[in-house]
Structures are given as C-alpha cells and as structure tokens.
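Have a look at the structure below, then the notes.
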Amino acid sequence: MSSENIFVPAKKYDESAGQFTAFDPGTRTLPAGFRFGKRYEPLPQDLVFEKDTAVTLRDGTTIYTDVFRPVGDGPFPVIVSWSPYGKTSGTSRMYTMLRTFVGVDQHKLSGLMKWEGADPARWCAQGYAVCQPDARGAGRSEGDIQFFGEQEGRDAHDLIEWLAQQPWCTGKVGMAGNSWLAVCQWFTAAEQPPHLAAIAPWEGFSDIYRDSIMQGGISDLGFMNNVSKQLQGSSRVENPTKALAAHPLVDDYWNTKAARVERINVPAYVVASYSSTVHTFGTFRAWERLTNSERWLRIHDRQEWPDFYQEENQQDLQRFFDHYLKGIDNGWEQTPRVRYSLLDLEGGDRIKNPAPAFPPPGVDMVPFYLDGTSETLAAERPAQEKTASYSADSRRGRIEYTVRFEEETVLVGHPRLKLWVEADGHDDMDIFVFLQKLDRAGKHLEVQNSGAGNPMVDLITHFTASVLKYHAAPGRMRASLRHMDPELSSDNLPVQSFDRVEKLRPGQVVDVDIATYPIGLLMHPGEQLRLIITGRNIIGANMPSAGNPTADNHGRHIIHTGGEHASHLLLPIRKTT
C-alpha cells in the first residue's frame, strides 16, 4: 500500500458550526468591550484583528491564519497556537460543550482563542500578538491534513519565519498550547526555526506510534480515528487505520512521526500529568530526551484543560515568555527546573514540589518480587519457582499482587515491571498491567480534583475510566514486540523498537519489560499498592466512544515467579528522612 492510499476525503468544513468562521480576509479593529458571545468576557482593550491572512509555505502551499495584536506599531513578540482545529473556537458547539464538560470556566475567556490555545484577549493585553493558523489542509488552507510529524514541523517553521518578518513583530516567536498544539511544538522546535525563541508544550505525545496508536505494541486506534473524522477541510486527511495497515511496524513512515526532540535548542516549559492516557507517556518521554539545559517541567494534579486556563498557571507561563520573548530580567531562571505533584487520592495532594530533576534526587528503584505463594509483592526474591495463570480472553481473567506499606512512603518516578511469561494455546500475549492505590481497608482510591471541582467531571467519570479516573500507573505490552531499542531506552524508560515480530513457541518462557506510566503517590501507613495483570484494558477507552485497544488474546497467560524466573516490579521510592 503506497503512502497515497492512507488518505481519505476530509469532512467538508462547515462555517456555520463555529469551528471555522466565515472566510473574510482583511484587517479590522475589535473595540474594548467587544464580546464574542454572551458566555464570554468583553475585551479589556482594543485589538487589531488580521483575519484569514494568506501565508505561502516553502512548497508553494497556501495556508490561512488569523493574527490578533495590540493597537499600535509595536513591535510585539508572537505566540503561535498551531493545529487543524479552526482559528477560533468561541462559537463552536462541540468545543463549548467539551470545555464545560471538563471544568473550564469559559466566562473568564474571550472566545477568540483557538481550541486548546492561548486566549488573544489575555495575551494581547500583556503586549503579545497571538497567531492562530489553519494548518495544512484545514479549513481553506491548501493541501492534505496530516497527523503530526516532520511535515507539520516544516510548515510551522515557515509560518514562524513569516511572522518574524512582519513590521509589527520583534522577531521573537513562541509556541503554546495543549494536546495537538503541544505535539506540533516538539516537531517544530526540532526543525530549529531561527526566530523561534521558546516553546510551552502542555501535555502532548511525541511519537504517534509508541505513545498513541500502538502503545505497548497493541493497536489502539479509537481516539485517533475519532479525531480524524472531526477534522474539516477541502481535500484529504491521513487515516490512522489505513496508515497502520500499510505500516504495521516502525519504519521510515513512523520515524517521521517521532519527534527528534534531542534537536530542540530553545527554552522549553513542559507541563505533564500522571493520568492522561492520551498524553502522559509521550510528554515524559520527550522531557527525558530534551538535551537543552534551559528546560522546565511542571507536573500537575488535575485535568489538563482546566490546568492550562487557570490564571495562576497563565501568569507562570507569562513569566517564562516575558523572559525569553521580551528579554525581561524577572528571575525566571531561579524557577525550580522541576515542580512535581504527589497525589494523596484522599484530598491531600502536595503540588509544586521543587526538584532539580525528575525523578527527584533521593529516589531508589526498589525491587518487589511477585510471590506466587502469598500473592504479594515481596521484598525478597522467592526461592521457589511458581506459576499462575488466567484465561487470556476472559473479562474476569487476572492475577493480583499487593504490598502494604507500614510507614510513610513516597513513590515518585517511573515504575517498570519485568515479567517472565508463557503463552498456552496461542503464539502471542497482550498483557495489561495496572498499579492501584488501596486504602487501609483495601478500597481502591481514585484521583481527586481532576476537573477543578466542576460537578460535570463527576458525571463524565461514569463514562470514561481513563483520563479523569485515576489508576496509579497503567502499562501494556504485546509479547511478540518485546524487542528493546537500546538507543531510545534509558534507565528510567524502557522503549521497544517495534520493528520486528518474535512470536512465542509452545512452552517458551520469555521476559517482557513493561513501562508503566510515571507515578507520584503518597502512601500512608497501612495503605496498599495493588498490581493487576490481565489480558484486557480494564480502565476503558482513552475518551468516551473511542473504543478499547484491540487485544489478540487466546488460551491462557502463564506468569512465572521466583527462582530463575523472578518476575518483579521496580518502584521508585524516595527517602522521607
């Protein structure tokens, strides 16, 4: 299948739905007090609005962008919010519903912002311009919509260099935004545009194959297919299902969709969380590979959208941009390189803990051995080898191991699980693992404050047990794709190559290295940590209606413990004294 066959017709864009405003090129002034709908804040000052401005990319493709800037000649630095989601989102019924659903206070926004992007009203009031393009293929922009990758990085590079030449621009350009608007920053910064001065990726994966559609080597196309169906344009859009069918293993196609993060040479303010099944892995993986010394990481304790628009966090981001885009000596360099959260899951989260690195100093990787006799996670390696098994395709098939902490313990870093496994009745195994915090009575605890206290978030947790419902650290692995990539792997994060298939023979015992999501957990005396090993994704889809991963499980899964096959869990434990 050629690369041309991975495209399908895009959904025809509909200006009446509010995702794309009516095409109306030209420059106008929005007066102070202007309101973009009853639910939004009036503008605090006059804004210059350059609408549907044409920008020609290096290959001759024309895209269209909106630019908001303060009145006057400036010059002003620019913040770019890049995506195919439309140039404004205030009148979009879908985006309005989503923001309400996850607890964003829209009454404090102007409605002029791109979905998941910087609010022009807020940033123009602080002396910045905000650029909101329709990416290649979106809306009236020419070309085909592509899912991330180097092509999008080159396109954004060209837009940044065009902005730098505008008479009202200082020549300093930054990027900010959440999700897609974060993903594109990894690829754009890797292209090293001369006038890109800083980036602020707010939760976004960096390798579409490993972080999203084939996480752990198990097909999980639901979320990306849902996104693909919503993207609007006049030509075509890449189809994730067709792309995976044409390229089932990592090859040159997927390598262009894995950001070369090590090439990034501008300051980066990275935001992450422990509980986003869409973005967590890729954000931490990118942070791990950043080599630029000017990098900062903040790990929050709630859902990503409310976190982005919270004024306290916008002020923090402004200090970063003021320093690198305006050259203001505001002491930003003294900001701790890492500020991480520790989740209590009972309302006592500790946020913004300062550290010079992540995992923070003082963390030891402590092995806990799966003890098949006691069904516990034991401090000592069991001398006797033992096996346990479960029905691979049964909803009830699972094995559980627990450990009780007798004293206050902090878990912070990257857990990883080494399992010795065997397939009975099949030549492969799709293994799902979950770490869960239990209270003293053995009750499973879930994340608190995920939606900034909005009651609608409580409702959505009944429909999705992933982004907004917290399992301490999920992980997954297809045994036949267990081969490790020594160049991408680190002591913190094991990474598979996904470039070969090694099926299991009858009776063959193999070891698989499973990275779970990073963790920041407070364990009080008497509380327990439970490891679940099963053949299905018990937390559900990434998003409502996205569908579960496509597991290939039959027969029985056999887990070996003790002796020569001492399966074990490595937990990052920080000394508390």
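Letters A, B, ... go to the chains of the structure tokens in the order shown; residues in each chain start at 1; ligands are counted from 1 in the same order.
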
**Study point:** Residue neighbourhood segment 116-125 of chain A, 10 Å, only C-alpha atoms, exclusion window fewer than 4 positions, as a PyMOL selection string
**Key:** chain A and resi 32+41-49+67-71+76-83+85+87-89+95+99+108-112+129-132+175-182+202+304-305+308-309+311+314+318

Could you write those residues out with N, CA and C atoms, as a short mmCIF file (atom, residue, chain, number, x, y, z; two decimals), in the first residue's frame?
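Generated output (result.cif):
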data_model
loop_
_atom_site.label_atom_id
_atom_site.label_comp_id
_atom_site.auth_asym_id
_atom_site.auth_seq_id
_atom_site.Cartn_x
_atom_site.Cartn_y
_atom_site.Cartn_z
N ALA A 32 -12.52 47.79 22.62
CA ALA A 32 -12.65 47.38 24.03
C ALA A 32 -14.12 47.25 24.36
N GLU A 41 -16.08 36.84 28.24
CA GLU A 41 -15.67 38.11 28.80
C GLU A 41 -15.55 39.17 27.69
N PRO A 42 -15.92 40.43 27.96
CA PRO A 42 -15.66 41.50 26.98
C PRO A 42 -14.17 41.80 26.90
N LEU A 43 -13.73 42.30 25.76
CA LEU A 43 -12.31 42.62 25.57
C LEU A 43 -11.89 43.75 26.50
N PRO A 44 -10.73 43.62 27.13
CA PRO A 44 -10.28 44.67 28.04
C PRO A 44 -9.69 45.89 27.31
N GLN A 45 -9.34 45.72 26.02
CA GLN A 45 -8.75 46.81 25.26
C GLN A 45 -8.99 46.57 23.78
N ASP A 46 -8.73 47.59 22.96
CA ASP A 46 -8.85 47.43 21.51
C ASP A 46 -7.84 46.39 21.02
N LEU A 47 -8.26 45.61 20.01
CA LEU A 47 -7.37 44.63 19.39
C LEU A 47 -7.38 44.81 17.88
N VAL A 48 -6.22 44.71 17.25
CA VAL A 48 -6.14 44.62 15.81
C VAL A 48 -6.32 43.16 15.42
N PHE A 49 -7.24 42.91 14.48
CA PHE A 49 -7.56 41.54 14.07
C PHE A 49 -7.29 41.42 12.57
N VAL A 67 -4.39 36.68 13.00
CA VAL A 67 -3.44 37.28 13.93
C VAL A 67 -4.16 38.35 14.74
N PHE A 68 -4.04 38.26 16.05
CA PHE A 68 -4.53 39.30 16.96
C PHE A 68 -3.31 40.00 17.55
N ARG A 69 -3.37 41.35 17.60
CA ARG A 69 -2.25 42.08 18.19
C ARG A 69 -2.75 43.37 18.81
N PRO A 70 -1.99 43.92 19.75
CA PRO A 70 -2.39 45.20 20.33
C PRO A 70 -2.41 46.30 19.28
N VAL A 71 -3.16 47.34 19.54
CA VAL A 71 -3.17 48.51 18.66
C VAL A 71 -1.81 49.21 18.74
N PHE A 76 5.84 43.68 18.63
CA PHE A 76 5.38 42.73 19.63
C PHE A 76 5.96 41.34 19.35
N PRO A 77 6.27 40.59 20.39
CA PRO A 77 6.56 39.17 20.19
C PRO A 77 5.25 38.42 19.90
N VAL A 78 5.35 37.23 19.34
CA VAL A 78 4.17 36.48 18.91
C VAL A 78 4.12 35.12 19.59
N ILE A 79 2.91 34.70 19.96
CA ILE A 79 2.67 33.35 20.44
C ILE A 79 1.84 32.62 19.39
N VAL A 80 2.33 31.48 18.92
CA VAL A 80 1.65 30.69 17.89
C VAL A 80 0.91 29.52 18.54
N SER A 81 -0.36 29.37 18.16
CA SER A 81 -1.16 28.19 18.55
C SER A 81 -1.50 27.45 17.27
N TRP A 82 -0.78 26.36 16.99
CA TRP A 82 -0.88 25.65 15.70
C TRP A 82 -1.73 24.39 15.84
N SER A 83 -2.70 24.22 14.94
CA SER A 83 -3.48 22.98 14.86
C SER A 83 -4.41 23.05 13.66
N TYR A 85 -7.65 22.61 14.06
CA TYR A 85 -8.94 22.64 14.73
C TYR A 85 -9.76 23.89 14.46
N LYS A 87 -9.52 28.37 13.56
CA LYS A 87 -8.75 29.52 14.06
C LYS A 87 -9.36 30.14 15.31
N THR A 88 -10.63 29.97 15.53
CA THR A 88 -11.28 30.38 16.78
C THR A 88 -12.22 29.28 17.20
N SER A 89 -12.62 29.28 18.48
CA SER A 89 -13.48 28.18 18.94
C SER A 89 -14.68 28.66 19.74
N TYR A 95 -16.84 22.45 20.88
CA TYR A 95 -15.78 22.89 21.78
C TYR A 95 -16.35 23.52 23.04
N ARG A 99 -15.40 22.10 26.75
CA ARG A 99 -14.82 22.94 27.80
C ARG A 99 -15.68 22.89 29.06
N LYS A 108 -14.34 33.38 31.87
CA LYS A 108 -13.11 34.14 32.03
C LYS A 108 -12.29 34.17 30.74
N LEU A 109 -12.87 33.68 29.64
CA LEU A 109 -12.21 33.66 28.35
C LEU A 109 -12.92 34.60 27.38
N SER A 110 -12.24 34.93 26.28
CA SER A 110 -12.82 35.87 25.31
C SER A 110 -13.60 35.18 24.20
N GLY A 111 -13.36 33.88 23.99
CA GLY A 111 -13.97 33.18 22.87
C GLY A 111 -13.19 33.33 21.58
N LEU A 112 -12.16 34.16 21.56
CA LEU A 112 -11.35 34.37 20.36
C LEU A 112 -10.26 33.32 20.22
N ALA A 129 1.36 39.49 20.48
CA ALA A 129 0.46 39.12 19.39
C ALA A 129 0.21 37.61 19.49
N VAL A 130 -0.95 37.18 19.00
CA VAL A 130 -1.29 35.76 19.00
C VAL A 130 -1.66 35.35 17.58
N CYS A 131 -0.99 34.32 17.09
CA CYS A 131 -1.21 33.82 15.73
C CYS A 131 -1.92 32.48 15.79
N GLN A 132 -3.05 32.36 15.06
CA GLN A 132 -3.85 31.14 15.10
C GLN A 132 -4.10 30.65 13.67
N MET A 175 5.70 29.38 21.09
CA MET A 175 4.56 28.50 20.83
C MET A 175 3.99 28.03 22.15
N ALA A 176 2.65 27.89 22.20
CA ALA A 176 1.99 27.44 23.43
C ALA A 176 0.71 26.73 23.06
N GLY A 177 0.28 25.83 23.95
CA GLY A 177 -1.00 25.15 23.76
C GLY A 177 -0.96 23.72 24.24
N ASN A 178 -2.13 23.14 24.27
CA ASN A 178 -2.36 21.82 24.84
C ASN A 178 -2.67 20.80 23.74
N SER A 179 -2.32 19.54 23.97
CA SER A 179 -2.67 18.41 23.10
C SER A 179 -2.04 18.59 21.73
N TRP A 180 -2.86 18.64 20.62
CA TRP A 180 -2.27 18.80 19.29
C TRP A 180 -1.35 20.01 19.26
N LEU A 181 -1.76 21.08 19.95
CA LEU A 181 -0.97 22.31 19.96
C LEU A 181 0.35 22.13 20.71
N ALA A 182 0.44 21.07 21.53
CA ALA A 182 1.69 20.72 22.19
C ALA A 182 2.51 19.78 21.31
N TRP A 202 2.03 21.77 26.49
CA TRP A 202 1.20 21.47 27.66
C TRP A 202 0.54 20.11 27.43
N GLU A 304 -5.93 18.35 32.21
CA GLU A 304 -5.04 19.27 31.50
C GLU A 304 -5.71 20.57 31.04
N TRP A 305 -6.98 20.52 30.61
CA TRP A 305 -7.62 21.73 30.10
C TRP A 305 -7.82 22.77 31.20
N PHE A 308 -4.52 24.38 32.05
CA PHE A 308 -3.96 25.33 31.08
C PHE A 308 -4.57 26.72 31.26
N TYR A 309 -5.87 26.80 31.48
CA TYR A 309 -6.53 28.10 31.54
C TYR A 309 -6.59 28.70 32.94
N GLU A 311 -5.66 30.89 35.82
CA GLU A 311 -4.92 32.16 35.73
C GLU A 311 -3.55 32.07 36.39
N GLN A 314 -1.32 30.61 33.85
CA GLN A 314 -1.08 31.54 32.76
C GLN A 314 -0.07 32.61 33.18
N GLN A 318 3.47 33.36 31.56
CA GLN A 318 3.84 34.71 31.13
C GLN A 318 5.23 35.08 31.63
#

Practice item. Name the residues of segment 34-193 of chain A that come out as helix (DSSP H, G or I) in a backbone DSSP run; write them as a ChimeraX atom specification. Key: /A:93-101,106-108,120-124,150-164,180-190

Check your understanding: Hey, what's within 12 Å of Pro194 of chain A if we count only C-alpha atoms and toss same-chain stuff fewer than 3 positions away? As a list in words, please?
Key ->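 Near neighbours after the sequence-gap exclusion: His157, Asp158, Leu159, Ile160, Glu161, Trp162, Leu163, Ala164, Gln165, Gly171, Lys172, Val173, Gly174, Thr188, Ala189, Ala190, Glu191, Ala197, Ala198, Ile264, Asn265 and Val266 of chain A.
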
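Proximity of A:Tyr253, A:Trp332, A:Tyr401, A:Trp420 to Ile533 of chain A, computed with only C-alpha atoms, is greatest for A:Tyr401.
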
Point to revise | Within 12 Å of Gly520 of chain A using only C-alpha atoms, minus same-chain residues under 6 positions, as a count of residues only | key: 41

Check your understanding: Do you know which residues are at most 10 Å from His426 of chain A counting only C-alpha atoms, after dropping those on the same chain fewer than 4 positions away, and could you put them as number ranges by chain?
Key -> A: 392, 422, 503-506, 552-557

Point to revise | Residue neighbourhood Pro494 of chain A, 9 Å, only C-alpha atoms, exclusion window fewer than 3 positions, as a ChimeraX atom specification | key: /A:416,484-486,488-491,513-515

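Computed from the coordinates, the atom CA of Gly74 of chain A to atom CA of Cys169 of chain A distance equals 7.1 Å.
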
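Of note, atom CA of Asp364 of chain A and atom CA of Glu288 of chain A are spaced 17.7 Å apart.
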
Practice item. For segment 141-145 of chain A, work out the shell of residues within 12 Å, counting only C-alpha atoms and skipping chain neighbours fewer than 6 positions away, then give it as a PyMOL selection string. Key: chain A and resi 4+6-11+13+20+23+52-57+59-65+83-87+133-135+151-152+155+227-240

Exercise for review: Can you check which residues of segment 285-412 of chain A DSSP gives as strand (DSSP E) on the backbone and send them as an MDAnalysis selection string?
Suggested key: chainID A and resid 295:299 338:342 350:355 363:371 376:378 386:391 398:404 409:412

Review point. Could you work out how far atom CA of Asn313 of chain A lies from atom CA of Pro336 of chain A, giving the answer in Å with one decimal?
Key: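 We find that atom CA of Pro336 of chain A and atom CA of Asn313 of chain A lie 14.8 Å from each other.
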